[in-house]
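**Student:** Questions regarding the structure given below will be posed in turn.
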Amino acid sequence: MTQGRDTGATALFARRHRLRLAELLPWLLAVAVYFVFPDYLALGAQVLATVLFGLSVDLVLGYAGIVTLGHAAFYGVGAYTAGYLAAHGVGAPAVGLLAAIAMAGLAGFLSGLVILRTQGLSILMLTLVVCVMLQEAANKLTSITGGADGLQGMDVSPVLGIFDFDLYGKTAYCYALVVLFFGWAVARIIVHSSFGRSLTGIRENVARMHAIGSPVFFRLVTIYTISAAMAGAAGALIAQTTQLVALNSLSIELSGTILVMVILGGVGRLYGAFIGVPLYMIAQDRFSEIDPTDWYFWIGLLLVLVVAFGRGGVLGLVDALARRLGRGRR
Amino acid sequence: MSGAALETRALCKSFGALTVAHAIDFRLAPGARHALIGPNGAGKTSFVNLVSGALAPSTGQILLGGHDVTRLSQAQRVKRGLARTFQINQLFRALTVLENVTLAVSERHGVAGDFFRPAGKRRAVIEEAHALLERLGIAGEALRPVRELAYGRQRLVEIAVALGLDPKVLLLDEPAAGVPSGETGTIIDIIERLGPEIALLIIEHDMELVFRLARRITVLVQGAILVEGTPQEIAADPRVREVYLGERAHP
């Protein structure tokens, strides 16, 4: 009797990493948006870049359980790196992007070496401190960053020397979509790998991970570095497509907002950012038009409703609904 | 005398004025079935934490298979064949039973740090984890999240995760704690069936379990070893009756 179930158990486990049809949905939608809403592509590019930023947060928060209130630090490092290069004659987007990934990854690695030795609230405080320190440094180093005025004089060349950034945001949108796709592919491979599974182990129970011989600190520094590099790529995308970098890209406010977006979508599910970020940004766009003075209240209400009715964000609600309909696939 | 599987020499640990381990000289023979008993607060769990590396000793030495591991991390001690369970379940509660054990097996196989290959393609790891669940009679619940299991069943997962490390020395910290009395038998059966290649140290309050399983017993009182001997010797020892068994007779 058990034989059938048992082979079922290992088989189900072995199938979990296979691509499901629903996972193609975000990409189909993104392509559809390009054709259906040609007037919104500039906003669309920002949404896509922010999704990448959210994805980087989900890797550390949702999988490894690192609660960070300072992820804008790496986003900002990426944005300033790409912006600085573009303002100093290195306008090729690919070069700026790669440099941003490297610099943000380095910042993540170095700060991770210190931050990740602690746990819980200390981690939260230290991530916040790193973010504040970097923002203050950017504020003081006016010769490099432009200080409170923001970085001036960016000149971004065409993507791969072919596709010039246009007024409608067509190039920006496609460029952001391609980079997001690569980021997603990397994240997806990681979370389904043995390494990724061990991160969920760390999230669920650090003490036990130590007890089964896992090099916990090393694993945390690794994912923190990868996540920081990804956040840096998102920052570079925004800098290059808007040709603007200001101090708020290193702010705690942004760190908090991205956290809210990812939680809204659902953490630890890889697709939380794909739902939470567009939902938040579109809601923000709509609400601020309908109710310019109190739009933030409506955002807050939306968040309260989602958190109250589904602890796993929108994706958690979808899961709960699917289970209620008796189609829970586990 | 052949080398001990586990040995501590003059092991001491104090937190300020509180001494939880006082010059503990302890020896666990290969293949041993050894119980560590003592009243509440005797320092039994602290001893497990010291040996496993969760706590650093103030002074003294810990040897695993004859090698000094006093300065090694928990992870390095696990690589040398030391595994432990916890008095209160320390499991990956949101993950399935199979995944809980798979995490341990992956670490032992040295594949847990691999970024690229999907965990689901590690057939050898998954099969081994599943075989272990079958051995312990919990394969039927392989795909259920641990938090949905009754506490007694979770206790079995707690042991399964440690066995996934294929230990040479296994420290069981009150394996029957919190288990309904009707299910203690299952735990005892599983421990009895462990092979002689595992040296076993059981920390336990349940005297029935101790006297069923242990061939040697060490009594710990206030962080120091009071006496060590066979179950018969321990049961007959007047000092033990006074500090431990006596305490139970006259609550």
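Following the order of the structure tokens, chains are lettered A, B, ..., residues in each are numbered from 1, and ligands are numbered from 1.
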Output the contact residues of chain A with respect to chain B at a cut-off of 7 Å, based on only C-alpha atoms, as a PyMOL selection string.

**Tutor:** chain A and resi 2+6+9-10+13-17+189-190+192-195+198+201+204-205+208+210-215

**Student:** Using C-alpha atoms, can you export the residues from the last selection as a PDB file, in the first residue's frame?

**Tutor:**
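Writing the result to out03.pdb gives the following:
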ATOM      1  CA  THR A   2       2.725   2.442   0.935  1.00  0.00           C
ATOM      2  CA  ASP A   6       6.318   6.449  -1.410  1.00  0.00           C
ATOM      3  CA  ALA A   9       6.688  11.270  -2.489  1.00  0.00           C
ATOM      4  CA  THR A  10      10.155  11.162  -4.010  1.00  0.00           C
ATOM      5  CA  PHE A  13      10.020  16.142  -4.716  1.00  0.00           C
ATOM      6  CA  ALA A  14      12.013  15.513  -7.882  1.00  0.00           C
ATOM      7  CA  ARG A  15       9.512  17.356 -10.080  1.00  0.00           C
ATOM      8  CA  ARG A  16       9.249  20.514  -8.030  1.00  0.00           C
ATOM      9  CA  HIS A  17      11.922  22.489  -9.877  1.00  0.00           C
ATOM     10  CA  ILE A 189      18.032  28.337 -10.386  1.00  0.00           C
ATOM     11  CA  ILE A 190      19.348  29.334  -6.959  1.00  0.00           C
ATOM     12  CA  HIS A 192      15.577  25.342  -6.465  1.00  0.00           C
ATOM     13  CA  SER A 193      19.188  24.257  -5.924  1.00  0.00           C
ATOM     14  CA  SER A 194      20.433  22.430  -2.854  1.00  0.00           C
ATOM     15  CA  PHE A 195      22.001  25.726  -1.772  1.00  0.00           C
ATOM     16  CA  SER A 198      19.579  25.063   2.662  1.00  0.00           C
ATOM     17  CA  GLY A 201      16.567  25.608   6.341  1.00  0.00           C
ATOM     18  CA  GLU A 204      13.260  27.924   9.461  1.00  0.00           C
ATOM     19  CA  ASN A 205      15.789  26.987  12.126  1.00  0.00           C
ATOM     20  CA  ARG A 208      19.339  23.022  13.621  1.00  0.00           C
ATOM     21  CA  HIS A 210      24.384  24.432  12.712  1.00  0.00           C
ATOM     22  CA  ALA A 211      23.635  21.049  14.263  1.00  0.00           C
ATOM     23  CA  ILE A 212      23.495  19.303  10.876  1.00  0.00           C
ATOM     24  CA  GLY A 213      26.881  20.723   9.946  1.00  0.00           C
ATOM     25  CA  SER A 214      25.885  23.584   7.698  1.00  0.00           C
ATOM     26  CA  PRO A 215      28.347  26.486   7.266  1.00  0.00           C
TER      27      PRO A 215
END

**Student:** If you count only C-alpha atoms, which residues fall within 8 Å of range 261-271 of chain A, apart from same-chain ones fewer than 5 positions away, as a ChimeraX atom specification?

**Tutor:** /A:54-55,57-59,61-63,187-188,276-277,280,303,306-307,312-316

**Student:** Might you pull out every residue within 10 Å of Glu136 in chain A, with only C-alpha atoms counted and same-chain residues fewer than 4 positions away left off, and present them as an NGL selection string?

**Tutor:** :A and (130-132 or 140-141 or 147 or 247 or 250-251)

**Student:** Which residues, written as a ChimeraX atom specification, have at least one atom at most 8 Å from Ala214 in chain B, with only C-alpha atoms counted and residues fewer than 6 positions away on the same chain left out?

**Tutor:** /B:33-35,231

**Student:** Taking 4 positions as the minimum chain separation for residues in the same chain, which residues sit within 6 Å of Phe74 in chain A when counting only C-alpha atoms? Answer as a list in words.

**Tutor:**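 Answer for this query is Ala104, Ala228, Ala231 and Gly232 of chain A.
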